[in-house]
Amino acid sequence: MAIIEVRDLGKRYGPRVAVDSVSFEVAEGEIFGVLGPNGAGKTTTVECVSGLRTPDRGSVSVLGKRPADVRAAIGVQLQASELPERMRVSEALALFSSFYPSPADWSERLGLTGHLGTEFGRLSGGLKQRLSIALALIGSPRVAILDELTTGLDPQARRDTWSVIEEVRAAGVTILLVTHFMEEAERLCDRVAMFREGRIVALDTPSALVSRVDGATRVRFVPSAALDVSLLEALPEVTSVSSAGEQLVVSGSENLLHAVTSLLARRQVVARQLRVDQVSLDDAYVELTGGRDVEDR
């Protein structure tokens with residue numbers, strides 16, 4: 001069941017087109033990633049989904065209604081979320097809880113119970129993000145929109161936040177996740193939409209998008225004896241073979257390693273300095289979009 005439906009969404013700011021003919025659906029219980037560089041139209045799109053902006057054309061529905069009609073069912077963590085520096089964590093939670101008849105307490109699950117007396121200005125970046133997520137979820141929303149929630153975090157804090165998002169989804173919340181970190185999308189998302197200059201240029205599961213890249217697997221090695229490269233090129237799993245000095249670089253499908261090592265074993269050739277590289281979602285993004293940056297939008 002589609003819990004979010006976006007059809008032919010368009011939004012411009014003066015002469016600048018921010019979002020151009022964007023359409024997608026998000027299934028209930030899904031983590032749906034919105035990817036792209038700064039200025040690609042990601043934030044404008046999700047602000048229309050959340051009801052914070054009105055599109056110039058097209059339609060958006062959440063739970064079968066206009067976003068403005070179901071605001072209590074949507075929790076939003078904005079890209080720039082700030083609270084008064086002197087406000088304590090407990091005060092922020094109490095303030096936001098007062099907006100709802102039956103607020104949800106996420107403080108323990110998000111690791112905030114030991115910081116309830118801490119002022120917002122004294123929280124680490126990771127704890128600020130956890131508090132931001134807790135405030136977005138305090139109304140027990142069915143949909144959570146999380147915009148660039150790990151930007152500026154150190155690697156450990158980023159991974160801790162990923163674990164939190166997985167817990168949120170496990171609680172039955174559908175998540176629209178905006179990010180420009182491909183590793184984050186690959187780890188968390190069921191499907192992703194890649195944005196470029198206000199349009200969706202690719203939409204699929206992370207693994208399916210990676211599989212579109214020619215030579216999704218690369219095997220690098222130095223053969224222990226002379227090897228006829230044409231034998232490698234004849235393997236159905238191989239798309240290309242190149243050399244870098246003594247090293248051979250073989251690109252191909254996911255079964256490439258087995259095919260290459262089997263051939264080498266039959267020829268009694270040892271693969272020295274063997275290394276296997278897997279194409280990532282980041283590689284797929286560059287391949288599918290051209291990877292050029294765009295001006296802020």
# chains A, B, ... in the order shown; residues from 1 in each chain; ligands from 1
$ select_by_dssp --residues "range 143-192 of chain A" --states "strand (DSSP E or B)" --output "list in words"
Val143, Ala144, Ile145, Leu146, Asp147, Thr174, Ile175, Leu176, Leu177, Val178, Thr179, Arg191 and Val192 of chain A
$ write_last_selection --atoms "C-alpha atoms" --output "mmCIF file, in the first residue's frame"
data_model
loop_
_atom_site.group_PDB
_atom_site.id
_atom_site.type_symbol
_atom_site.label_atom_id
_atom_site.label_comp_id
_atom_site.auth_asym_id
_atom_site.auth_seq_id
_atom_site.Cartn_x
_atom_site.Cartn_y
_atom_site.Cartn_z
ATOM 1 C CA VAL A 143 5.406 8.981 8.493
ATOM 2 C CA ALA A 144 8.763 10.499 9.479
ATOM 3 C CA ILE A 145 10.601 12.874 7.152
ATOM 4 C CA LEU A 146 14.292 13.075 8.053
ATOM 5 C CA ASP A 147 16.337 15.645 6.132
ATOM 6 C CA THR A 174 7.436 4.853 7.285
ATOM 7 C CA ILE A 175 10.541 6.981 6.651
ATOM 8 C CA LEU A 176 11.362 9.453 3.911
ATOM 9 C CA LEU A 177 15.128 9.931 4.269
ATOM 10 C CA VAL A 178 16.912 12.791 2.521
ATOM 11 C CA THR A 179 20.671 12.389 2.226
ATOM 12 C CA ARG A 191 14.546 2.038 -2.453
ATOM 13 C CA VAL A 192 16.121 5.319 -3.483
#
$ residues_around --residues "range 112-117 of chain A" --least-positions-apart "5" --cutoff "7 Å" --atoms "only C-alpha atoms" --output "number ranges by chain"
A: 88-90, 107
$ residues_around --residues "range 219-231 of chain A" --least-positions-apart "3" --cutoff "8 Å" --atoms "only C-alpha atoms" --output "ChimeraX atom specification"
/A:234-235,241,246-251,256-257,269-277
$ write_last_selection --atoms "C-alpha atoms" --output "short mmCIF file (atom, residue, chain, number, x, y, z; two decimals), in the first residue's frame"
data_model
loop_
_atom_site.label_atom_id
_atom_site.label_comp_id
_atom_site.auth_asym_id
_atom_site.auth_seq_id
_atom_site.Cartn_x
_atom_site.Cartn_y
_atom_site.Cartn_z
CA ALA A 234 35.91 -15.00 -23.42
CA LEU A 235 34.34 -15.65 -20.01
CA VAL A 241 40.06 -6.63 -19.11
CA GLU A 246 51.97 -6.43 -14.30
CA GLN A 247 48.52 -6.23 -12.73
CA LEU A 248 45.42 -7.33 -14.60
CA VAL A 249 42.08 -5.65 -13.86
CA VAL A 250 39.05 -7.75 -14.80
CA SER A 251 35.56 -6.22 -14.63
CA LEU A 256 33.25 -12.78 -11.66
CA LEU A 257 35.60 -13.93 -8.89
CA VAL A 269 48.27 -19.80 -12.67
CA VAL A 270 48.31 -18.27 -9.18
CA ALA A 271 46.60 -14.91 -8.64
CA ARG A 272 49.10 -12.88 -6.62
CA GLN A 273 48.09 -9.68 -4.79
CA LEU A 274 44.46 -10.61 -5.42
CA ARG A 275 41.91 -7.90 -4.62
CA VAL A 276 38.18 -7.73 -5.28
CA ASP A 277 36.42 -4.37 -5.59
#
$ select_by_dssp --residues "range 105-253 of chain A" --states "alpha helix (DSSP H)" --output "PyMOL selection string"
chain A and resi 125-137+155-170+182-188+206-211+229-233
$ closest_residue --among "A:Gly14, A:Thr54, A:Arg130, A:Leu263" --to "Ala68 in chain A" --atoms "only C-alpha atoms"
A:Thr54
